[in-house]
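Take a look at the structure below.
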Protein chains: 2
Amino acid sequence: MTYDRDQAPLSPADRAQLVRRQARAGLLTTSTSGLAPTIQANLLVLPARYAADFYLLCQRNPVPCPLLYATEPGQYTCDLAKGSDIRTDIPGYNVYIDGVLDTPEPKEDIMDEWSEEHVGFLLGCSYSFETALVKAGFTPHHMKQNKAVPMYTTNIPLIPAGVFTRGHYVVSMRWYKPEDVETVREITRHPRFVEQHGEPIAWGWEGAAKIGVLEKMRRHEVDFGDWVAGDDGDVPVFWGCGVTPQQAVLENAIEGVVMSHKPG
Amino acid sequence: MTYDRDQAPLSPADRAQLVRRQARAGLLTTSTSGLAPTIQANLLVLPARYAADFYLLCQRNPVPCPLLYATEPGQYTCDLAKGSDIRTDIPGYNVYIDGVLDTPEPKEDIMDEWSEEHVGFLLGCSYSFETALVKAGFTPHHMKQNKAVPMYTTNIPLIPAGVFTRGHYVVSMRWYKPEDVETVREITRHPRFVEQHGEPIAWGWEGAAKIGVLEKMRRHEVDFGDWVAGDDGDVPVFWGCGVTPQQAVLENAIEGVVMSHKPG
């Protein structure tokens, strides 16, 4: 095996270009049939006083929290996607007050909750790498069954940043045959998915035990999303998940009004 | 508290500038008295076939592995520091063969081991933030006692990347009074230390237990460096440590000739 230029270290300029390309390619899906645009990214909206600490949290935990964009305080547009409005362009919103979920049912917009003191963060999601998996013949079971991906809170600690001293990685789970694990690792390891969680963080039953989700899987339970069964002989494969920031808001009991996309 | 511009998100261009500034400020100390230059960074030299995977490992674990610079295969100079030679400018080298330490005593250079198939990685180290701690009156005990900083391998898993599927965070430990922990967190959280491990990843006796190093500390043992005692009432504070890549080489039994700085 030789030194693969395509996999070579990215310079800061390369990374900037990558972010711009991702923004054009995947962040905003503008329907041509007159429907409202839909943002293909995970969203977290925080009081501005937490913005610097959350930015650091993302820098220190880039796999579950791949930060693509941060607004100015009060700014609800996204320079990366013209015409977007983060208060309305996500299919469903959760609202948290003082670290507690305030919306048993997701909200359609956050026009009433948004204020000049809020900062919006857009984070990469699994949409892009799932498309690549489908193209390669590795369609995840939840997509075939039209369900939400199963998600679990793990025992992997978030590395602290400012007020965010607690928190754990959340992962999404997809079933694959043991002999296909290396291939799906390779597909999602491609540099273009670095800011969409990249390759898995654990795999196999041993991996499930190591990250502390085995018992829940045995009971066919999930922490977020839907339970999805695998085929005989399949093993679970776990990727970093953009629900992690919401879990951090809960575990750190962040004060004030926080908003996010609804998981799944 | 208002939105602090100094702590605001860094753009990719800002980050590039930060790296250049760090390179000028701290990476290379060229003595004016005719001594050889000394590189103020952690070094890992790998066979080129592992370079892409190691780059990804650093991207996915930036706190213990803050990558500043990667050479081309066979390149032993560093563009960031003119006149430097990574084969000779580190005070002591470890050599690993097939994942096993081959040098009980550190080597003064790696001229014999270096080949055209090797790639050098320079990683941020704690030198810069220790200087800031000293300036603020928080001189670490090991510096007062002229010892190496105590280092521990933790139970925090490295997020996998390519062949690096195993591995754990290594941390450095410094003693502080409980009432000073928030201040030393704040000092090392400054954006200029983002690529020198940044703020601590755990603190206090509860933190020591959580990351799995409490028993070793009670026995006054270390995994790397020297044991250093604290004062009455002090608690341990743990930062990400640049020995982590060497630990990953060991835990993954990386084949071939690998070279690094000697810890401590």
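If you're wondering about the labels, chains in the structure tokens are A, B, ... by order shown, residues count from 1 in each chain, ligands from 1 in order shown.
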For this session: Just the residues within 9 Å of Thr71 in chain A, please, counting only C-alpha atoms, with nothing from its chain fewer than 2 positions along; format it as a PyMOL selection string.
Result: chain A and resi 69+73-79+118-122
Exercise. How would you write, as a ChimeraX atom specification, the set of residues in range 4-222 of chain B that DSSP gives as alpha helix (DSSP H)?
Worked result: /B:12-22,51-60,127-135,141-144,181-189,204-210,214-218
For this session: Rank B:Gly162, B:Glu72, B:Thr153, B:Met111 by their smallest atom-to-atom distance to Ile254 in chain B, using only C-alpha atoms, and report the top residue only.
Result: B:Gly162
Exercise. Interatomic distance between CA of Val194 in chain B and CA of Arg60 in chain A?
Worked result: 8.6 Å
For this session: Enumerate the residues of range 51-162 of chain A with a DSSP assignment of strand (DSSP E or B), computed from the backbone, and present them as a PyMOL selection string.
Result: chain A and resi 67-70+78+81+93-97+100-101+107+118-123+151-157+161
Considering only C-alpha atoms, return as a short mmCIF file (atom, residue, chain, number, x, y, z; two decimals) with N, CA, C and O atoms, in the first residue's frame whatever protein or nucleic-acid residues lie within 7 Å of range 90-94 of chain A, sequence-local ones (same chain, fewer than 5 positions apart) excluded.
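As written to disk, result31.cif reads:
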```
data_model
loop_
_atom_site.label_atom_id
_atom_site.label_comp_id
_atom_site.auth_asym_id
_atom_site.auth_seq_id
_atom_site.Cartn_x
_atom_site.Cartn_y
_atom_site.Cartn_z
N THR A 38 -35.46 22.42 3.13
CA THR A 38 -35.21 21.62 4.34
C THR A 38 -33.71 21.57 4.59
O THR A 38 -32.94 21.26 3.68
N ILE A 39 -33.31 21.89 5.81
CA ILE A 39 -31.87 21.87 6.13
C ILE A 39 -31.45 20.44 6.48
O ILE A 39 -32.06 19.79 7.32
N THR A 103 -41.17 19.99 25.34
CA THR A 103 -42.10 19.72 24.23
C THR A 103 -42.23 18.22 24.01
O THR A 103 -41.44 17.63 23.26
N PRO A 106 -42.93 17.31 19.05
CA PRO A 106 -42.05 18.29 18.41
C PRO A 106 -42.84 19.49 17.87
O PRO A 106 -44.01 19.36 17.49
N LYS A 107 -42.19 20.64 17.84
CA LYS A 107 -42.81 21.86 17.31
C LYS A 107 -42.44 22.04 15.85
O LYS A 107 -41.37 21.62 15.41
N GLU A 108 -43.33 22.71 15.10
CA GLU A 108 -43.06 22.91 13.67
C GLU A 108 -42.13 24.08 13.40
O GLU A 108 -41.49 24.15 12.35
N ASP A 109 -42.08 25.01 14.34
CA ASP A 109 -41.13 26.11 14.20
C ASP A 109 -40.78 26.64 15.59
O ASP A 109 -41.38 26.22 16.59
N MET A 259 -32.99 25.17 21.93
CA MET A 259 -33.81 24.53 20.90
C MET A 259 -32.93 23.63 20.05
O MET A 259 -31.74 23.86 19.92
N SER A 260 -33.56 22.61 19.46
CA SER A 260 -32.79 21.68 18.62
C SER A 260 -33.71 21.04 17.60
O SER A 260 -34.94 21.17 17.69
N HIS A 261 -33.11 20.32 16.64
CA HIS A 261 -33.91 19.45 15.79
C HIS A 261 -34.43 18.30 16.65
O HIS A 261 -33.84 17.96 17.68
N LYS A 262 -35.55 17.71 16.24
CA LYS A 262 -36.04 16.52 16.93
C LYS A 262 -35.27 15.30 16.42
O LYS A 262 -35.21 15.06 15.21
#
```
Exercise. What is the distance, in Å and to one decimal place, between CA of Trp175 in chain A and CA of Pro140 in chain A?
Worked result: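 If I compute the distance from CA of Trp175 in chain A to CA of Pro140 in chain A, I get 6.8 Å.
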Exercise. So how many Å separate CA of Val235 in chain B and CA of Asn155 in chain B, to one decimal?
Worked result: 19.3 Å
Exercise. With only C-alpha atoms as the atoms that count, which of B:Leu250, B:Gln40, B:Trp114, B:Lys135 lies nearest to Ala81 in chain B?
Worked result: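 Using only C-alpha atoms, Ala81 in chain B sits closest to B:Gln40.
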